[in-house]
file query-v3.cif (mmCIF, C-alpha atoms)
data_target
loop_
_atom_site.label_atom_id
_atom_site.label_comp_id
_atom_site.auth_asym_id
_atom_site.auth_seq_id
_atom_site.Cartn_x
_atom_site.Cartn_y
_atom_site.Cartn_z
CA MET A 1 5.15 29.77 -96.86
CA THR A 2 7.23 28.37 -94.01
CA THR A 3 7.95 24.66 -93.87
CA GLU A 4 5.38 24.37 -91.04
CA ASP A 5 2.83 26.06 -93.29
CA ILE A 6 3.51 23.53 -96.05
CA LEU A 7 3.18 20.49 -93.76
CA VAL A 8 -0.10 21.81 -92.37
CA ALA A 9 -1.35 22.72 -95.86
CA ASN A 10 -0.71 19.10 -96.91
CA ALA A 11 -2.99 17.85 -94.14
CA VAL A 12 -5.70 20.42 -94.92
CA ASP A 13 -5.45 19.59 -98.63
CA VAL A 14 -6.09 15.88 -98.00
CA TRP A 15 -9.01 16.74 -95.70
CA LYS A 16 -10.52 18.89 -98.46
CA GLY A 17 -10.11 16.12 -101.04
CA VAL A 18 -11.78 13.48 -98.87
CA PHE A 19 -14.50 15.91 -97.77
CA GLU A 20 -15.34 16.86 -101.36
CA ARG A 21 -15.57 13.22 -102.34
CA ALA A 22 -17.90 12.58 -99.39
CA GLU A 23 -20.10 15.57 -100.25
CA LYS A 24 -20.40 14.39 -103.83
CA LEU A 25 -21.46 10.93 -102.69
CA PHE A 26 -23.95 12.20 -100.09
CA ASN A 27 -25.53 14.51 -102.66
CA SER A 28 -25.83 11.69 -105.19
CA LEU A 29 -27.45 9.03 -103.00
CA SER A 30 -31.24 8.66 -103.16
CA GLU A 31 -33.37 8.26 -100.03
CA GLU A 32 -33.67 4.56 -100.91
CA GLU A 33 -29.89 4.19 -101.13
CA MET A 34 -29.52 6.01 -97.80
CA GLU A 35 -31.79 3.40 -96.23
CA LYS A 36 -29.69 0.53 -97.59
CA ARG A 37 -27.24 -1.38 -95.40
CA VAL A 38 -23.61 -1.12 -96.55
CA ALA A 39 -23.43 -4.94 -96.22
CA PRO A 40 -25.81 -7.60 -94.85
CA ASP A 41 -26.54 -6.96 -91.14
CA ARG A 42 -24.35 -3.84 -91.11
CA ASN A 43 -25.18 -0.16 -90.66
CA ARG A 44 -27.43 1.73 -93.03
CA SER A 45 -25.87 4.61 -94.96
CA ILE A 46 -28.18 7.12 -93.25
CA TYR A 47 -26.87 5.97 -89.87
CA ILE A 48 -23.24 6.35 -90.97
CA TRP A 49 -24.01 9.85 -92.30
CA GLY A 50 -25.42 10.86 -88.92
CA HIS A 51 -22.43 9.23 -87.22
CA LEU A 52 -20.05 11.31 -89.32
CA THR A 53 -22.06 14.45 -88.53
CA ALA A 54 -21.86 13.76 -84.79
CA THR A 55 -18.12 13.02 -85.04
CA HIS A 56 -17.45 16.25 -86.91
CA ASP A 57 -19.60 18.21 -84.46
CA ARG A 58 -17.39 16.88 -81.67
CA ALA A 59 -14.32 17.86 -83.68
CA ILE A 60 -15.49 21.50 -83.53
CA ALA A 61 -15.27 21.30 -79.76
CA LEU A 62 -11.99 19.35 -79.78
CA LEU A 63 -10.40 22.01 -81.99
CA GLY A 64 -11.69 24.71 -79.63
CA VAL A 65 -13.25 26.69 -82.45
CA GLY A 66 -16.81 26.96 -81.18
CA GLU A 67 -19.71 25.42 -79.33
CA ARG A 68 -21.15 22.17 -80.54
CA LEU A 69 -24.09 22.53 -82.89
CA ARG A 70 -25.82 19.13 -82.60
CA PRO A 71 -24.94 17.48 -79.27
CA GLU A 72 -28.28 15.64 -79.41
CA PHE A 73 -26.84 13.50 -82.22
CA ASP A 74 -24.44 11.74 -79.79
CA ALA A 75 -27.14 9.62 -78.17
CA ILE A 76 -28.36 8.42 -81.56
CA PHE A 77 -25.18 8.10 -83.59
CA LEU A 78 -22.30 7.65 -81.15
CA ASN A 79 -23.81 5.92 -78.12
CA SER A 80 -26.41 3.75 -79.89
CA ALA A 81 -26.04 1.26 -82.71
CA ASP A 82 -28.14 1.47 -85.86
CA GLY A 83 -31.64 0.16 -85.16
CA MET A 84 -31.66 0.98 -81.45
CA THR A 85 -33.23 4.42 -81.74
CA GLN A 86 -35.49 6.30 -84.13
CA LEU A 87 -33.25 8.18 -86.58
CA PRO A 88 -33.84 11.72 -87.82
CA THR A 89 -35.00 11.95 -91.45
CA VAL A 90 -32.59 12.21 -94.38
CA ARG A 91 -33.61 15.87 -94.68
CA GLU A 92 -32.76 16.54 -91.03
CA ILE A 93 -29.41 14.81 -91.29
CA ARG A 94 -28.63 16.69 -94.50
CA ASP A 95 -29.34 20.01 -92.74
CA ALA A 96 -27.22 19.04 -89.73
CA TRP A 97 -24.36 17.82 -91.95
CA LYS A 98 -24.34 21.12 -93.83
CA GLN A 99 -24.46 23.22 -90.66
CA VAL A 100 -21.66 21.24 -89.00
CA SER A 101 -19.54 21.04 -92.16
CA ASP A 102 -19.76 24.79 -92.79
CA ARG A 103 -18.56 25.56 -89.27
CA LEU A 104 -15.84 22.91 -89.27
CA ASN A 105 -14.47 23.79 -92.70
CA ALA A 106 -14.36 27.50 -91.87
CA ALA A 107 -12.33 26.61 -88.77
CA ILE A 108 -9.98 24.26 -90.61
CA VAL A 109 -8.97 26.82 -93.22
CA GLY A 110 -8.67 29.51 -90.54
CA LEU A 111 -6.19 27.84 -88.19
CA SER A 112 -2.48 28.72 -88.47
CA ALA A 113 0.39 26.24 -88.18
CA ALA A 114 0.93 27.45 -84.61
CA ASP A 115 -2.75 26.75 -83.85
CA TRP A 116 -2.52 23.19 -85.19
CA LEU A 117 0.43 22.53 -82.88
CA GLU A 118 -1.63 23.51 -79.81
CA LYS A 119 -3.23 20.89 -77.59
CA HIS A 120 -6.76 19.80 -78.42
CA THR A 121 -9.39 20.44 -75.78
CA ALA A 122 -9.69 16.86 -74.47
CA VAL A 123 -6.12 16.72 -73.12
CA ASN A 124 -4.84 18.70 -70.15
CA GLN A 125 -1.67 20.81 -70.09
CA GLU A 126 0.26 18.35 -67.96
CA ASP A 127 -0.36 15.38 -70.25
CA PHE A 128 0.19 17.52 -73.34
CA ALA A 129 3.63 18.54 -72.06
CA LYS A 130 4.57 14.85 -72.14
CA GLU A 131 2.68 13.97 -75.33
CA PRO A 132 2.98 16.81 -77.84
CA LEU A 133 1.31 14.76 -80.58
CA ARG A 134 -2.04 15.22 -78.82
CA ASN A 135 -2.46 18.45 -80.73
CA LYS A 136 -5.16 19.82 -83.02
CA LEU A 137 -3.46 18.39 -86.10
CA ALA A 138 -4.01 14.89 -84.67
CA ILE A 139 -7.75 15.63 -84.63
CA LEU A 140 -7.69 16.70 -88.28
CA LEU A 141 -5.66 13.68 -89.43
CA THR A 142 -7.69 11.10 -87.52
CA ARG A 143 -11.02 12.61 -88.56
CA THR A 144 -9.90 12.63 -92.19
CA ASN A 145 -9.14 8.91 -91.95
CA HIS A 146 -12.39 8.24 -90.11
CA LEU A 147 -14.25 9.91 -92.97
CA SER A 148 -12.30 7.87 -95.55
CA TYR A 149 -13.10 4.65 -93.67
CA HIS A 150 -16.84 5.26 -93.71
CA LEU A 151 -16.79 6.70 -97.23
CA GLY A 152 -15.39 3.36 -98.39
CA GLN A 153 -18.48 1.75 -96.87
CA MET A 154 -21.14 4.19 -98.02
CA VAL A 155 -19.99 4.02 -101.62
CA LEU A 156 -21.10 0.37 -101.59
CA VAL A 157 -24.82 1.28 -101.50
CA ARG A 158 -24.63 3.25 -104.74
CA SER A 159 -26.27 1.43 -107.65
CA MET B 160 11.77 18.01 -81.42
CA THR B 161 11.28 20.92 -83.80
CA THR B 162 7.79 21.96 -84.78
CA GLU B 163 8.39 20.35 -88.21
CA ASP B 164 9.32 17.12 -86.45
CA ILE B 165 6.08 17.18 -84.47
CA LEU B 166 3.89 17.80 -87.53
CA VAL B 167 5.59 14.96 -89.40
CA ALA B 168 5.41 12.68 -86.34
CA ASN B 169 1.65 13.27 -86.25
CA ALA B 170 1.31 12.02 -89.81
CA VAL B 171 3.55 8.99 -89.18
CA ASP B 172 1.63 8.22 -85.99
CA VAL B 173 -1.70 8.11 -87.83
CA TRP B 174 -0.16 5.91 -90.55
CA LYS B 175 1.05 3.49 -87.88
CA GLY B 176 -2.36 3.36 -86.23
CA VAL B 177 -4.21 2.61 -89.45
CA PHE B 178 -1.54 0.14 -90.57
CA GLU B 179 -1.71 -1.80 -87.28
CA ARG B 180 -5.48 -1.97 -87.52
CA ALA B 181 -5.17 -3.30 -91.07
CA GLU B 182 -2.57 -5.91 -90.09
CA LYS B 183 -4.76 -7.12 -87.28
CA LEU B 184 -7.71 -7.51 -89.64
CA PHE B 185 -5.69 -9.25 -92.38
CA ASN B 186 -4.26 -11.68 -89.84
CA SER B 187 -7.71 -12.47 -88.46
CA LEU B 188 -9.57 -13.15 -91.72
CA SER B 189 -9.94 -16.77 -92.82
CA GLU B 190 -9.36 -17.86 -96.42
CA GLU B 191 -13.15 -18.11 -96.79
CA GLU B 192 -13.60 -14.53 -95.55
CA MET B 193 -10.86 -13.37 -97.93
CA GLU B 194 -12.87 -14.86 -100.81
CA LYS B 195 -16.03 -13.00 -99.77
CA ARG B 196 -17.21 -9.88 -101.58
CA VAL B 197 -17.34 -6.77 -99.37
CA ALA B 198 -20.88 -6.18 -100.69
CA PRO B 199 -23.00 -7.81 -103.43
CA ASP B 200 -21.25 -7.50 -106.83
CA ARG B 201 -18.28 -5.67 -105.30
CA ASN B 202 -14.63 -6.65 -104.89
CA ARG B 203 -13.53 -9.64 -102.87
CA SER B 204 -11.37 -8.95 -99.83
CA ILE B 205 -8.45 -10.85 -101.34
CA TYR B 206 -8.53 -8.54 -104.35
CA ILE B 207 -8.53 -5.44 -102.14
CA TRP B 208 -5.60 -6.83 -100.15
CA GLY B 209 -3.60 -7.28 -103.34
CA HIS B 210 -4.67 -3.79 -104.48
CA LEU B 211 -3.33 -2.32 -101.24
CA THR B 212 -0.09 -4.27 -101.65
CA ALA B 213 0.37 -2.93 -105.19
CA THR B 214 -0.44 0.62 -104.06
CA HIS B 215 2.08 0.45 -101.21
CA ASP B 216 4.69 -1.04 -103.54
CA ARG B 217 4.25 1.98 -105.79
CA ALA B 218 4.56 4.24 -102.75
CA ILE B 219 8.08 2.88 -102.17
CA ALA B 220 9.03 4.20 -105.60
CA LEU B 221 7.14 7.49 -105.15
CA LEU B 222 9.00 8.13 -101.89
CA GLY B 223 12.28 7.37 -103.65
CA VAL B 224 13.35 4.90 -100.98
CA GLY B 225 14.00 1.84 -103.13
CA GLU B 226 13.11 -0.23 -106.12
CA ARG B 227 9.65 -1.72 -106.41
CA LEU B 228 9.32 -5.24 -105.06
CA ARG B 229 6.19 -6.50 -106.82
CA PRO B 230 5.62 -4.56 -110.05
CA GLU B 231 3.86 -7.64 -111.48
CA PHE B 232 0.93 -6.91 -109.11
CA ASP B 233 -0.01 -3.79 -111.10
CA ALA B 234 -1.52 -5.70 -114.01
CA ILE B 235 -3.68 -7.75 -111.64
CA PHE B 236 -4.64 -5.28 -108.92
CA LEU B 237 -4.33 -1.79 -110.40
CA ASN B 238 -5.07 -2.22 -114.11
CA SER B 239 -7.65 -5.04 -113.91
CA ALA B 240 -10.89 -5.28 -111.96
CA ASP B 241 -11.61 -8.22 -109.67
CA GLY B 242 -12.63 -11.23 -111.76
CA MET B 243 -10.72 -10.23 -114.90
CA THR B 244 -7.53 -12.13 -114.11
CA GLN B 245 -6.43 -15.13 -112.07
CA LEU B 246 -5.39 -13.85 -108.63
CA PRO B 247 -2.37 -15.07 -106.66
CA THR B 248 -3.24 -17.25 -103.65
CA VAL B 249 -3.91 -15.83 -100.18
CA ARG B 250 -0.50 -17.19 -99.16
CA GLU B 251 1.25 -15.39 -102.01
CA ILE B 252 -0.52 -12.11 -101.28
CA ARG B 253 0.29 -12.45 -97.58
CA ASP B 254 4.00 -12.88 -98.42
CA ALA B 255 3.98 -9.92 -100.79
CA TRP B 256 2.11 -7.74 -98.27
CA LYS B 257 4.71 -8.53 -95.61
CA GLN B 258 7.65 -7.90 -97.91
CA VAL B 259 6.25 -4.57 -99.15
CA SER B 260 5.09 -3.47 -95.69
CA ASP B 261 8.47 -4.15 -94.10
CA ARG B 262 10.24 -2.06 -96.70
CA LEU B 263 7.69 0.75 -96.66
CA ASN B 264 7.49 1.00 -92.88
CA ALA B 265 11.28 1.03 -92.53
CA ALA B 266 11.35 3.93 -94.99
CA ILE B 267 8.54 5.84 -93.29
CA VAL B 268 10.17 5.83 -89.87
CA GLY B 269 13.54 6.68 -91.43
CA LEU B 270 12.64 9.86 -93.29
CA SER B 271 13.37 13.24 -91.67
CA ALA B 272 11.07 16.27 -91.77
CA ALA B 273 13.30 17.72 -94.50
CA ASP B 274 12.90 14.49 -96.51
CA TRP B 275 9.08 14.61 -96.25
CA LEU B 276 9.13 18.14 -97.66
CA GLU B 277 11.01 17.00 -100.78
CA LYS B 278 9.22 16.33 -104.04
CA HIS B 279 7.93 12.83 -104.67
CA THR B 280 9.36 11.04 -107.69
CA ALA B 281 6.35 11.43 -110.00
CA VAL B 282 6.59 15.23 -110.19
CA ASN B 283 9.36 17.16 -111.92
CA GLN B 284 11.37 20.02 -110.40
CA GLU B 285 9.65 22.69 -112.47
CA ASP B 286 6.13 21.67 -111.42
CA PHE B 287 7.22 21.13 -107.84
CA ALA B 288 8.56 24.68 -107.66
CA LYS B 289 5.02 25.87 -108.39
CA GLU B 290 3.22 23.20 -106.32
CA PRO B 291 5.17 22.53 -103.11
CA LEU B 292 2.40 20.32 -101.73
CA ARG B 293 3.40 17.59 -104.22
CA ASN B 294 5.92 16.37 -101.66
CA LYS B 295 6.55 13.01 -100.00
CA LEU B 296 4.25 13.86 -97.11
CA ALA B 297 1.35 14.03 -99.58
CA ILE B 298 2.11 10.42 -100.55
CA LEU B 299 2.02 9.33 -96.90
CA LEU B 300 -1.22 11.18 -96.12
CA THR B 301 -3.08 10.01 -99.21
CA ARG B 302 -1.92 6.41 -98.84
CA THR B 303 -3.03 6.42 -95.20
CA ASN B 304 -6.50 7.53 -96.26
CA HIS B 305 -6.56 5.02 -99.10
CA LEU B 306 -5.81 2.27 -96.59
CA SER B 307 -8.55 3.56 -94.25
CA TYR B 308 -11.04 3.61 -97.13
CA HIS B 309 -10.45 -0.03 -98.04
CA LEU B 310 -10.13 -1.11 -94.41
CA GLY B 311 -13.68 0.16 -93.89
CA GLN B 312 -14.73 -2.19 -96.69
CA MET B 313 -12.73 -5.28 -95.74
CA VAL B 314 -13.99 -5.21 -92.16
CA LEU B 315 -17.45 -5.96 -93.59
CA VAL B 316 -16.55 -9.56 -94.53
CA ARG B 317 -15.63 -10.49 -90.96
CA SER B 318 -18.23 -12.74 -89.33
#
call {"tool": "encode", "arguments": {"input": "query-v3.cif", "output": "structure tokens"}}
result
Amino acid sequence: MTTEDILVANAVDVWKGVFERAEKLFNSLSEEEMEKRVAPDRNRSIYIWGHLTATHDRAIALLGVGERLRPEFDAIFLNSADGMTQLPTVREIRDAWKQVSDRLNAAIVGLSAADWLEKHTAVNQEDFAKEPLRNKLAILLTRTNHLSYHLGQMVLVRS
Amino acid sequence: MTTEDILVANAVDVWKGVFERAEKLFNSLSEEEMEKRVAPDRNRSIYIWGHLTATHDRAIALLGVGERLRPEFDAIFLNSADGMTQLPTVREIRDAWKQVSDRLNAAIVGLSAADWLEKHTAVNQEDFAKEPLRNKLAILLTRTNHLSYHLGQMVLVRS
């Protein structure tokens, strides 16, 4: 392993740890718990789960590893607050989460250190030349923290 | 910048972003909000703040960049649940948070890519030879996610 390989493997390792913890929680919550708000007047767990699914679906595009799988989730989970639209069922979100996660995780373990250093797809070459941190690794690190942030909330609905 | 420098700068950049967001929240919460539980029967914000302070104090030792500043916080915030012991005041936790954060952040921006690849202090040379991911970067990445996790909770007490 080169030193670049080790640094990238550290980031992938932390992603895997947070992802596994999230999967375990999502598989353990009942439909009733999914309908619960994480705190009074705050989002329901089912909404946050859909929000994470939409965010990870966008990450597939940002990493340049494939077409988006569930772009229709954006209107519900990224551009609308909880309660503004009719949500898909827990079953539908579970299916979407699995589909998106399978694609994203396959991509994450498949990228080389050189790939992670490349620009992500939402920045142009000119800006990237000036800001080399706007690479694919930045997407992985920020999405890992985004998942941790919401995992800290969703765990609160568990009895 | 070498490619190692960029990969490390990505991790430091995400730490800084999460840390700044946390600072902003901690500075904006009132004493009443700090006393609020993040959800029914869960930890109070003040407890989580002390827990983060203790965790970051331990990170100073794990990174090998200095002596611990507040080891007495462990008994209260790492080895006891909220409600089991008398907590320090908001003022005392604020002072400890600042002291620990200043030291930790100075260390984080001061380490080189080669330093981040070194073993952290809780693993021995023999194990590290077999598991090169048990390096200082792993401490930074996991502590960043730990902060994100609890930040997602503490934000829930804000009116």
call {"tool": "interface_residues", "arguments": {"input": "query-v3.cif", "of": "chain B", "to": "chain A", "cutoff": "8 Å", "atoms": "all atoms listed in the file", "output": "PyMOL selection string"}}
result
chain B and resi 162-163+165-170+173+197-199+201+276+291-292+296-297+300-301+303-305+307-312+315
call {"tool": "resolve_selection", "arguments": {"input": "query-v3.cif", "expression": "the PyMOL selection byres ((chain B and resi 212-216) around 12)", "output": "PyMOL selection string"}}
result
chain B and resi 178+181-182+185+205-211+217-238+251-264+266-267+298-299+301-303+305-306+309
call {"tool": "write_last_selection", "arguments": {"input": "query-v3.cif", "atoms": "C-alpha atoms", "output": "PDB file, keeping the file's coordinate frame"}}
result
ATOM      1  CA  PHE B 178      -1.540   0.140 -90.570  1.00  0.00           C
ATOM      2  CA  ALA B 181      -5.170  -3.300 -91.070  1.00  0.00           C
ATOM      3  CA  GLU B 182      -2.570  -5.910 -90.090  1.00  0.00           C
ATOM      4  CA  PHE B 185      -5.690  -9.250 -92.380  1.00  0.00           C
ATOM      5  CA  ILE B 205      -8.450 -10.850-101.340  1.00  0.00           C
ATOM      6  CA  TYR B 206      -8.530  -8.540-104.350  1.00  0.00           C
ATOM      7  CA  ILE B 207      -8.530  -5.440-102.140  1.00  0.00           C
ATOM      8  CA  TRP B 208      -5.600  -6.830-100.150  1.00  0.00           C
ATOM      9  CA  GLY B 209      -3.600  -7.280-103.340  1.00  0.00           C
ATOM     10  CA  HIS B 210      -4.670  -3.790-104.480  1.00  0.00           C
ATOM     11  CA  LEU B 211      -3.330  -2.320-101.240  1.00  0.00           C
ATOM     12  CA  ARG B 217       4.250   1.980-105.790  1.00  0.00           C
ATOM     13  CA  ALA B 218       4.560   4.240-102.750  1.00  0.00           C
ATOM     14  CA  ILE B 219       8.080   2.880-102.170  1.00  0.00           C
ATOM     15  CA  ALA B 220       9.030   4.200-105.600  1.00  0.00           C
ATOM     16  CA  LEU B 221       7.140   7.490-105.150  1.00  0.00           C
ATOM     17  CA  LEU B 222       9.000   8.130-101.890  1.00  0.00           C
ATOM     18  CA  GLY B 223      12.280   7.370-103.650  1.00  0.00           C
ATOM     19  CA  VAL B 224      13.350   4.900-100.980  1.00  0.00           C
ATOM     20  CA  GLY B 225      14.000   1.840-103.130  1.00  0.00           C
ATOM     21  CA  GLU B 226      13.110  -0.230-106.120  1.00  0.00           C
ATOM     22  CA  ARG B 227       9.650  -1.720-106.410  1.00  0.00           C
ATOM     23  CA  LEU B 228       9.320  -5.240-105.060  1.00  0.00           C
ATOM     24  CA  ARG B 229       6.190  -6.500-106.820  1.00  0.00           C
ATOM     25  CA  PRO B 230       5.620  -4.560-110.050  1.00  0.00           C
ATOM     26  CA  GLU B 231       3.860  -7.640-111.480  1.00  0.00           C
ATOM     27  CA  PHE B 232       0.930  -6.910-109.110  1.00  0.00           C
ATOM     28  CA  ASP B 233      -0.010  -3.790-111.100  1.00  0.00           C
ATOM     29  CA  ALA B 234      -1.520  -5.700-114.010  1.00  0.00           C
ATOM     30  CA  ILE B 235      -3.680  -7.750-111.640  1.00  0.00           C
ATOM     31  CA  PHE B 236      -4.640  -5.280-108.920  1.00  0.00           C
ATOM     32  CA  LEU B 237      -4.330  -1.790-110.400  1.00  0.00           C
ATOM     33  CA  ASN B 238      -5.070  -2.220-114.110  1.00  0.00           C
ATOM     34  CA  GLU B 251       1.250 -15.390-102.010  1.00  0.00           C
ATOM     35  CA  ILE B 252      -0.520 -12.110-101.280  1.00  0.00           C
ATOM     36  CA  ARG B 253       0.290 -12.450 -97.580  1.00  0.00           C
ATOM     37  CA  ASP B 254       4.000 -12.880 -98.420  1.00  0.00           C
ATOM     38  CA  ALA B 255       3.980  -9.920-100.790  1.00  0.00           C
ATOM     39  CA  TRP B 256       2.110  -7.740 -98.270  1.00  0.00           C
ATOM     40  CA  LYS B 257       4.710  -8.530 -95.610  1.00  0.00           C
ATOM     41  CA  GLN B 258       7.650  -7.900 -97.910  1.00  0.00           C
ATOM     42  CA  VAL B 259       6.250  -4.570 -99.150  1.00  0.00           C
ATOM     43  CA  SER B 260       5.090  -3.470 -95.690  1.00  0.00           C
ATOM     44  CA  ASP B 261       8.470  -4.150 -94.100  1.00  0.00           C
ATOM     45  CA  ARG B 262      10.240  -2.060 -96.700  1.00  0.00           C
ATOM     46  CA  LEU B 263       7.690   0.750 -96.660  1.00  0.00           C
ATOM     47  CA  ASN B 264       7.490   1.000 -92.880  1.00  0.00           C
ATOM     48  CA  ALA B 266      11.350   3.930 -94.990  1.00  0.00           C
ATOM     49  CA  ILE B 267       8.540   5.840 -93.290  1.00  0.00           C
ATOM     50  CA  ILE B 298       2.110  10.420-100.550  1.00  0.00           C
ATOM     51  CA  LEU B 299       2.020   9.330 -96.900  1.00  0.00           C
ATOM     52  CA  THR B 301      -3.080  10.010 -99.210  1.00  0.00           C
ATOM     53  CA  ARG B 302      -1.920   6.410 -98.840  1.00  0.00           C
ATOM     54  CA  THR B 303      -3.030   6.420 -95.200  1.00  0.00           C
ATOM     55  CA  HIS B 305      -6.560   5.020 -99.100  1.00  0.00           C
ATOM     56  CA  LEU B 306      -5.810   2.270 -96.590  1.00  0.00           C
ATOM     57  CA  HIS B 309     -10.450  -0.030 -98.040  1.00  0.00           C
TER      58      HIS B 309
END
call {"tool": "atom_distance", "arguments": {"input": "query-v3.cif", "atom1": "CA of Ala265 in chain B", "atom2": "CA of Thr280 in chain B"}}
result
18.3 Å
call {"tool": "atom_distance", "arguments": {"input": "query-v3.cif", "atom1": "CA of Pro88 in chain A", "atom2": "CA of Asn27 in chain A"}}
result
17.2 Å
call {"tool": "closest_residue", "arguments": {"input": "query-v3.cif", "among": "A:Arg44, A:Lys119, A:Lys16, A:Arg158", "to": "Ser30 in chain A", "atoms": "all atoms listed in the file"}}
result
A:Arg158
call {"tool": "atom_distance", "arguments": {"input": "query-v3.cif", "atom1": "CA of Ser187 in chain B", "atom2": "CA of Val171 in chain B"}}
result
24.2 Å
